[in-house]
Every structure is written in C-alpha cells, then in structure tokens.
Amino acid sequence: MASTENNIPKIVVVGGGAGGLELVTLLGRKLGKKGKAEVTLIDSTHTHIWKPLLHEVAAGTLDSHEDELEYLGQAMCSGFRFRLGKMDGLDRANKQISVAPTYNNKGLEIIPRRQFEYDYLVISVGSVSHDFGVKGVAENCFFLDTTTQAEAFQSQLLEAYLRAHTQGKPLDEGQLDIAIVGAGATGIELSAQLHEVSHLLTAYGLDEVKPTDVKISIIEAADRVLPGLPENLSAATEKELAKLGVQVCTNERVIEVTENAILTESGKTISAAIKVWAAGIKAPDFLKDIDGLETNWINQLVVKQTLQTTLDDDIYAIGDCCACKWEGGEAENVPPRAQAAHQMATLTYKSIKQRMAGKDIPEYAYHDYGSLVSLGKYSTVGNMMGSLSKGSLMIEGSMARIMYLSLYKMHQVALFGLFRVGMLSLSHLFRRSVHPKIKLH
Ligand SMILES: Cc1cc2nc3c(=O)[nH]c(=O)nc-3n(C[C@H](O)[C@H](O)[C@H](O)COP(=O)(O)OP(=O)(O)OC[C@H]3O[C@@H](n4cnc5c(N)ncnc54)[C@H](O)[C@@H]3O)c2cc1C
C-alpha cells in the first residue's frame with residue numbers, strides 16, 4: 001500500500017468535472033476531513049465549469065467567470081487537496097501516476113513533472129470531440145470541449161460581428177454564416193443559443209447586422225436530429241428549429257472542412273465562415289492502452305459493473321472516459337451524460353468506503369431519468385423515463401425548462417449544499433437584473 005505516514009489510504013481522483021468534482025467533494029467531506037484518507041484532486045485547469053453549460057459560454061449568454069468554481073477554494077472547504085497538472089502516465093506496478101510539467105503563457109515551466117502515489121485511483125478525465133479523421137476539421141473548426149475553446153468561439157463570433165457592423169459596405173455572401181456539424185444535444189442547443197444571440201447583438205447596438213444576415217445550419221449524418229433520443233423528441237425539436245429558421249441537413253456525411261465551407265459525401269457544399277464540430281466524442285488519447293489497461297476504439301477505459309477497470313481493481317474510471325455496459329439498456333454502453341457521471345461518482349464513493357471497511361462493494365446500474373434539450377429562451381423539450389412516467393413521457397415548455405435547470409442545481413447542491421445554492425441562485429437573479437443578457441467583450 002502507498003499509504004501516508006499516518007497509515008491512511010491515499011485516494012487520487014484525476015479530473016474535476018461533472019463526476020470527479022462531486023466524488024472528490026464527497027470523499028473529502030466524509031473521509032478527508034475526518035483524517036480517514038488523504039484525498040487529492042488533480043486537474044489540468046484551475047477552475048471548474050459544468051460542461052453542459054459550455055454552449056452558453058460559446059454563445060456569450062453565460063460569462064464563464066461568473067459561474068466557475070476555483071478548485072483550491074473547494075478543496076479548502078471540503079477536506080481534499082488540489083494539485084494542478086495534466087496526467088499523462090501511469091505506473092501500475094508502483095501505484096503512481098505521472099503528471100506533465102505546467103508552463104505559463106510565455107512557455108516558462110512553473111510546475112515540474114511530478115508523480116503521485118495512490119492506493120485508490122479514480123480516472124474521470126471526461127471526453128473530447130472526435131473528428132473521425134475527417135480532413136480539415138482540426139484546422140478549420142471550433143470545438144466545445146473546454147472553457148478556453150468555448151471562449152475562443154465567443155470572441156471570434158464577436159469579432160466577426162464587429163467587423164461586419166463597421167465595414168461600411170454590404171456583407172459578403174455567407175460572411176456571418178455558422179455551420180454546426182452534429183445534431184446531438186450540443187449542436188442543437190448551440191444553434192438555438194446562436195439564434196438568440198443574433199437578435200441580442202443587434203438589440204445591443206451592432207445594428208448594421210440584421211439577425212437575417214446570420215444563417216445557421218446543422219449537418220448530421222443520421223436521418224434525424226438527436227439520433228440517440230426517441231423519435232418524437234427529434235420531430236418536436238426539428239419543428240422548433242424550423243420556426244427559428246435553423247437549416248437542418250440530415251443524411252449528410254461530412255467528408256471535408258475547408259476554410260469557408262463544409263463538404264458532404266452527397267456532393268453538397270455548405271458555405272460558412274464559422275464552423276463548429278460537435279459530431280462525436282472519444283476519451284483523451286493518453287488513455288489508449290495506458291499501462292496495459294483495457295480500452296475500446298474511442299480510448300475509453302473498459303470497466304466492470306463495479307466501475308473498477310477490468311485489469312486493475314484499484315483503478316476506477318467514471319463518466320465519459322469509461323466504457324461501462326448498460327445492462328438492458330438502449331445502447332451497449334452507458335451514454336456519456338452528466339447524469340451518468342453524477343451517479344457513478346456516488347457509487348464510487350460508496351465502493352471506496354466499503355473497501356476501506358473490508359466490506360463487499362456495490363455494482364453500478366445506470367438509471368436513465370430521460371433527456372432534456374434546451375432551445376434557449378424559445379423552448380425546452382425532453383423525455384422523462386422511469387416509474388414516474390411509466391416508460392418514456394415526452395415533456396415540453398416550462399415543465400421541461402424547470403427540469404433542465406434542476407439538473408445543474410443538483411450538481412451545485414452536491415458541491416455546495418442546499419442553503420448555499422439557494423443564496424447563489426438569488427445572487428444570480430440580482431446580477432442578471434443589472435448585467436446585459438450577453439457577454440459583449
Ligand atoms: C456543450 C455540451 C452540452 C452538454 N449538455 C448535456 C446535457 O444537457 N445533459 C447531459 O447529461 N450531458 C450533457 N453534456 C455531456 C456532459 O457534459 C458530460 O457527459 C459530462 O460532463 C461528463 O462528466 P465527466 O466527469 O466524465 O467529465 P467532464 O465533466 O468533461 O470533466 C473532465 C475533467 O477532467 C479534466 N481533465 C481532462 N484531461 C485531464 C488530464 N489529462 N489530467 C487532469 N485533468 C484532466 C478536465 O479539465 C475536466 O475538468 C454536454 C456536453 C457538452 C460539451
């Protein structure tokens with residue numbers, strides 16, 4: 001055992017996202033604070049923002065700095081240690097992980113390469129977009145995997161608007177057109193947010209550009225939007241998108257992205273100045289066969305129903321970066337969703353606690369409570385699953401909106417507790433009454 005000098009186990013969680021941060025907060029409060037374990041979170045960034053909010057950051061309807069959480073602050077309040085850095089290696093024989101050096105923006109090394117020992121390791125590093133090797137995607141598309149990428153999109157959008165507003169001549173063909181590849185929840189939600197933004201920016205004074213100057217297209221290889229969700233949801237969503245004037249191109253497989261256009265297998269060319277890739281996910285590349293662990297074709301660590309990796313019981317993987325069988329489910333594996341990451345975090349906490357007490361460990365069964373897709377201020381659609389709805393029940397409008405918002409509130413409650421989330425929500429309401437509805441710089 002790599003236990004500390006006081007002979008308490010070392011628990012290392014890598015990745016403080018939707019799953020990892022909830023887990024480390026639980027472990028810290030229940031074990032770290034009581035001196036029963038040394039709990040450490042390692043993340044490659046200083047701050048956490050709940051990933052399902054990234055399309056709002058990209059559109060500018062959410063200022064990431066208002067909603068971000070500082071890991072060091074959370075660590076101090078919750079009984080765990082935070083260490084900044086990007087995991088890039090694993091030594092199972094010596095029960096150590098390796099974390100790459102950290103550099104500042106001038107390229108100077110500020111933190112050297114480090115090793116961290118563990119008794120229990122939880123890998124929760126999420127996922128990144130998968131370009132499936134399509135030519136030109138990496139060079140010409142924006143991605144929404146991180147806050148930095150979402151902010152880069154937002155500043156490019158604003159720059160394009162400012163240029164168009166001040167150029168003193170009519171807009172060139174397609175100058176502000178936006179194409180989104182992938183009609184999953186991310187692509188759909190982003191398109192609705194961008195439609196709202198095109199109206200807001202005109203209202204906030206960039207009025208040489210009219211909302212109709214911005215054409216938004218979604219390109220999807222499957223035969224319907226939201227291909228992973230029930231068909232009635234897809235139909236309702238397509239109807240809403242049509243009302244917003246978002247052009248939906250289904251059955252179109254993208255074969256190349258150029259500086260100004262998206263080319264599809266059927267021979268279509270969709271011109272767009274701004275292009276976003278939201279067409280699929282994979283776990284980060286460094287996980288591929290890491291120190292002999294079993295991984296699948298999208299680099300996910302294959303786990304047993306206990307969420308332990310198949311070849312090493314002391315290493316757990318949770319959230320988007322794991323491949324966990326969905327017994328009796330609609331897909332082979334548990335889908336990469338925030339609700340799955342949340343459930344897995346709770347189970348892993350119980351599992352580690354039970355193991356420390358020498359007891360049997362629980363197995364994970366995914367509970368799909370349904371899916372919700374927000375079309376910004378226009379609508380929210382979704383389906384509710386489970387005993388309450390006796391199967392799958394489609395919901396729309398305010399009810400769906402409340403449920404959509406409650407997903408984020410649940411994450412916040414896991415991190416801050418009910419009372420502080422109440423206070424936060426109140427302060428958010430006050431802030432909204434004095435700030436513009438969109439980030440304007
Ligand atoms: C725009 C968008 C909208 C979405 N909307 C929804 C939705 O409405 N509902 C839903 O259920 N799901 C939604 N999702 C999916 C959801 O965000 C993910 O399923 C969920 O965040 C996965 O949680 P996670 O803990 O596995 O990873 P993440 O939340 O992605 O966290 C991963 C963490 O690991 C860190 N990290 C990565 N690599 C390393 C490394 N090498 N070393 C150290 N740290 C590392 C990252 O900095 C990050 O903090 C959406 C996703 C996107 C992009």
# chains A, B, ... in the order shown; residues from 1 in each chain; ligands from 1
>>> residues_near_ligand(ligand="ligand 1", cutoff="7 Å", atoms="only C-alpha atoms and all ligand atoms", output="ChimeraX atom specification")
/A:14-20,42-45,48,50-55,85-88,124-127,144-145,185-186,284,318-321,336-339,341,371-373
>>> select_by_dssp(residues="range 105-314 of chain A", states="strand (DSSP E)", output="ChimeraX atom specification")
/A:109-111,114-117,120-123,128-129,178-181,216-219,247-249,254-257,261-264,269-271,274-277,281-282,301-302,308-309,312-314
>>> closest_residue(among="A:Ile290, A:Leu244, A:Val24, A:Ile274", to="Arg81 in chain A", atoms="only C-alpha atoms")
A:Val24
>>> residues_around(residues="range 299-307 of chain A", least_positions_apart="6", cutoff="8 Å", atoms="only C-alpha atoms", output="VMD selection string")
chain A and resid 282 to 285 287 to 289 293 316 to 318 320 to 325 344 348 351 361 to 365
>>> residues_around(residues="Glu22 in chain A", least_positions_apart="5", cutoff="7 Å", atoms="only C-alpha atoms", output="number ranges by chain")
A: 345, 414-415
>>> closest_atom_pairs(of="range 204-256 of chain A", to="range 161-164 of chain A", cutoff="10 Å", atoms="only C-alpha atoms", output="Markdown table")
| residue | atom | partner | partner_atom | distance |
| --- | --- | --- | --- | --- |
| A:Leu206 | CA | A:Leu162 | CA | 7.2 |
| A:Asp207 | CA | A:Tyr161 | CA | 9.8 |
| A:Glu208 | CA | A:Ala164 | CA | 7.5 |
| A:Val209 | CA | A:Ala164 | CA | 6.8 |
| A:Asp213 | CA | A:Ala164 | CA | 9.9 |
| A:Val214 | CA | A:Tyr161 | CA | 9.8 |
>>> atom_distance(atom1="CA of Leu418 in chain A", atom2="CA of Met76 in chain A")
18.8 Å
>>> residues_around(residues="Tyr404 in chain A", least_positions_apart="5", cutoff="10 Å", atoms="only C-alpha atoms", output="list in words")
Ser371, Leu372, Val373, Ser374, Thr380, Val381, Gly382, Ser398, Met399 and Lys409 of chain A
>>> closest_residue(among="A:Val225, A:Leu72, A:Ile97, A:Leu407", to="Ala340 in chain A", atoms="only C-alpha atoms")
A:Leu407
>>> residues_around(residues="range 149-155 of chain A", least_positions_apart="5", cutoff="12 Å", atoms="only C-alpha atoms", output="number ranges by chain")
A: 49, 51-65, 128-129, 140-144, 160-162, 178, 190, 193-194, 197, 274-277, 438-441
>>> atom_distance(atom1="CA of Ser217 in chain A", atom2="CA of Ala179 in chain A")
4.7 Å
>>> atom_distance(atom1="CA of Gln308 in chain A", atom2="CA of Arg355 in chain A")
12.1 Å
>>> select_by_dssp(residues="range 78-300 of chain A", states="alpha helix (DSSP H)", output="PyMOL selection string")
chain A and resi 78+137-140+147-166+185-203+231-244
>>> residues_around(residues="Thr40 in chain A", least_positions_apart="5", cutoff="6 Å", atoms="only C-alpha atoms", output="ChimeraX atom specification")
/A:12,80-82
>>> write_last_selection(atoms="N, CA, C and O atoms", output="short mmCIF file (atom, residue, chain, number, x, y, z; two decimals), in the first residue's frame")
data_model
loop_
_atom_site.label_atom_id
_atom_site.label_comp_id
_atom_site.auth_asym_id
_atom_site.auth_seq_id
_atom_site.Cartn_x
_atom_site.Cartn_y
_atom_site.Cartn_z
N VAL A 12 -6.58 9.18 -5.05
CA VAL A 12 -6.30 10.22 -6.05
C VAL A 12 -7.40 10.19 -7.10
O VAL A 12 -7.70 9.14 -7.67
N PHE A 80 -10.17 18.13 0.81
CA PHE A 80 -9.24 17.44 -0.10
C PHE A 80 -8.14 18.40 -0.54
O PHE A 80 -8.23 19.60 -0.29
N ARG A 81 -7.09 17.85 -1.16
CA ARG A 81 -6.00 18.68 -1.69
C ARG A 81 -6.21 18.83 -3.19
O ARG A 81 -6.65 17.88 -3.84
N PHE A 82 -5.85 19.99 -3.71
CA PHE A 82 -5.91 20.14 -5.17
C PHE A 82 -4.51 20.33 -5.71
O PHE A 82 -3.72 21.10 -5.16
#
>>> closest_residue(among="A:Gln175, A:Ser425, A:Thr237, A:Ser78", to="Lys215 in chain A", atoms="only C-alpha atoms")
A:Gln175
>>> closest_residue(among="A:Leu171, A:Val137, A:Leu241, A:Leu375", to="Ala278 in chain A", atoms="only C-alpha atoms")
A:Val137
>>> decode(residues="range 74-89 of chain A", atoms="all heavy atoms", output="CSV table (one decimal), in the first residue's frame")
chain,number,residue,atom,x,y,z
A,74,GLN,N,-12.6,25.1,-3.3
A,74,GLN,CA,-13.5,24.0,-3.0
A,74,GLN,C,-12.7,22.9,-2.1
A,74,GLN,O,-13.2,22.3,-1.2
A,74,GLN,CB,-13.9,23.3,-4.3
A,74,GLN,CG,-14.9,22.1,-4.1
A,74,GLN,CD,-16.3,22.5,-3.7
A,74,GLN,OE1,-16.6,23.7,-3.5
A,74,GLN,NE2,-17.1,21.5,-3.5
A,75,ALA,N,-11.4,22.8,-2.5
A,75,ALA,CA,-10.5,21.8,-1.7
A,75,ALA,C,-10.5,22.3,-0.3
A,75,ALA,O,-10.6,21.4,0.7
A,75,ALA,CB,-9.2,21.8,-2.3
A,76,MET,N,-10.2,23.5,0.0
A,76,MET,CA,-10.1,24.0,1.4
A,76,MET,C,-11.3,23.8,2.2
A,76,MET,O,-11.3,23.3,3.3
A,76,MET,CB,-9.7,25.5,1.4
A,76,MET,CG,-9.2,26.0,2.7
A,76,MET,SD,-9.2,27.8,2.8
A,76,MET,CE,-10.9,28.1,3.1
A,77,CYS,N,-12.5,24.0,1.5
A,77,CYS,CA,-13.8,23.9,2.3
A,77,CYS,C,-14.2,22.4,2.4
A,77,CYS,O,-14.9,22.1,3.3
A,77,CYS,CB,-14.9,24.5,1.5
A,77,CYS,SG,-14.7,26.3,1.3
A,78,SER,N,-13.7,21.5,1.6
A,78,SER,CA,-14.2,20.2,1.5
A,78,SER,C,-13.3,19.1,1.9
A,78,SER,O,-13.6,17.9,1.8
A,78,SER,CB,-14.8,19.9,0.1
A,78,SER,OG,-15.6,20.9,-0.3
A,79,GLY,N,-12.1,19.4,2.4
A,79,GLY,CA,-11.2,18.4,3.0
A,79,GLY,C,-10.4,17.6,2.0
A,79,GLY,O,-10.1,16.4,2.3
A,80,PHE,N,-10.2,18.1,0.8
A,80,PHE,CA,-9.2,17.4,-0.1
A,80,PHE,C,-8.1,18.4,-0.5
A,80,PHE,O,-8.2,19.6,-0.3
A,80,PHE,CB,-10.0,16.8,-1.3
A,80,PHE,CG,-10.7,17.8,-2.2
A,80,PHE,CD1,-10.0,18.3,-3.3
A,80,PHE,CD2,-12.0,18.1,-2.1
A,80,PHE,CE1,-10.6,19.2,-4.2
A,80,PHE,CE2,-12.7,19.0,-2.9
A,80,PHE,CZ,-12.0,19.5,-4.0
A,81,ARG,N,-7.1,17.8,-1.2
A,81,ARG,CA,-6.0,18.7,-1.7
A,81,ARG,C,-6.2,18.8,-3.2
A,81,ARG,O,-6.7,17.9,-3.8
A,81,ARG,CB,-4.6,18.0,-1.5
A,81,ARG,CG,-4.3,17.6,-0.1
A,81,ARG,CD,-2.9,17.1,0.0
A,81,ARG,NE,-2.6,16.0,-1.1
A,81,ARG,CZ,-1.3,15.6,-1.4
A,81,ARG,NH1,-0.3,16.1,-0.7
A,81,ARG,NH2,-1.1,14.7,-2.3
A,82,PHE,N,-5.9,20.0,-3.7
A,82,PHE,CA,-5.9,20.1,-5.2
A,82,PHE,C,-4.5,20.3,-5.7
A,82,PHE,O,-3.7,21.1,-5.2
A,82,PHE,CB,-6.8,21.4,-5.6
A,82,PHE,CG,-6.7,21.7,-7.0
A,82,PHE,CD1,-7.1,20.7,-8.0
A,82,PHE,CD2,-6.0,22.8,-7.5
A,82,PHE,CE1,-7.0,21.0,-9.3
A,82,PHE,CE2,-5.9,23.1,-8.9
A,82,PHE,CZ,-6.4,22.1,-9.8
A,83,ARG,N,-4.2,19.6,-6.8
A,83,ARG,CA,-2.9,19.8,-7.4
A,83,ARG,C,-3.1,20.0,-8.9
A,83,ARG,O,-3.8,19.2,-9.6
A,83,ARG,CB,-2.0,18.5,-7.2
A,83,ARG,CG,-1.7,18.2,-5.8
A,83,ARG,CD,-0.7,19.3,-5.2
A,83,ARG,NE,-0.4,19.1,-3.8
A,83,ARG,CZ,-1.0,19.7,-2.8
A,83,ARG,NH1,-1.9,20.6,-3.0
A,83,ARG,NH2,-0.6,19.5,-1.5
A,84,LEU,N,-2.5,21.1,-9.4
A,84,LEU,CA,-2.7,21.4,-10.8
A,84,LEU,C,-1.8,20.6,-11.7
A,84,LEU,O,-0.6,20.5,-11.4
A,84,LEU,CB,-2.4,22.9,-11.0
A,84,LEU,CG,-2.5,23.5,-12.4
A,84,LEU,CD1,-4.0,23.6,-12.8
A,84,LEU,CD2,-1.8,24.9,-12.5
A,85,GLY,N,-2.3,20.1,-12.8
A,85,GLY,CA,-1.4,19.4,-13.8
A,85,GLY,C,-2.2,18.4,-14.6
A,85,GLY,O,-3.4,18.1,-14.3
A,86,LYS,N,-1.6,18.0,-15.7
A,86,LYS,CA,-2.2,17.1,-16.6
A,86,LYS,C,-1.6,15.7,-16.5
A,86,LYS,O,-0.4,15.5,-16.8
A,86,LYS,CB,-2.0,17.7,-18.0
A,86,LYS,CG,-2.8,17.0,-19.1
A,86,LYS,CD,-2.7,17.9,-20.4
A,86,LYS,CE,-3.7,17.4,-21.4
A,86,LYS,NZ,-4.0,18.3,-22.4
A,87,MET,N,-2.4,14.7,-16.1
A,87,MET,CA,-1.9,13.4,-16.1
A,87,MET,C,-1.6,12.9,-17.5
A,87,MET,O,-2.3,13.1,-18.4
A,87,MET,CB,-3.0,12.4,-15.5
A,87,MET,CG,-2.6,11.0,-15.5
A,87,MET,SD,-3.9,9.9,-14.9
A,87,MET,CE,-3.3,8.3,-15.2
A,88,ASP,N,-0.4,12.3,-17.6
A,88,ASP,CA,0.0,11.7,-18.9
A,88,ASP,C,0.6,10.3,-18.8
A,88,ASP,O,1.1,9.8,-19.8
A,88,ASP,CB,0.9,12.7,-19.7
A,88,ASP,CG,2.2,12.9,-19.0
A,88,ASP,OD1,2.4,12.4,-17.9
A,88,ASP,OD2,3.1,13.6,-19.6
A,89,GLY,N,0.7,9.8,-17.6
A,89,GLY,CA,1.3,8.4,-17.5
A,89,GLY,C,0.8,7.7,-16.2
A,89,GLY,O,0.3,8.3,-15.3
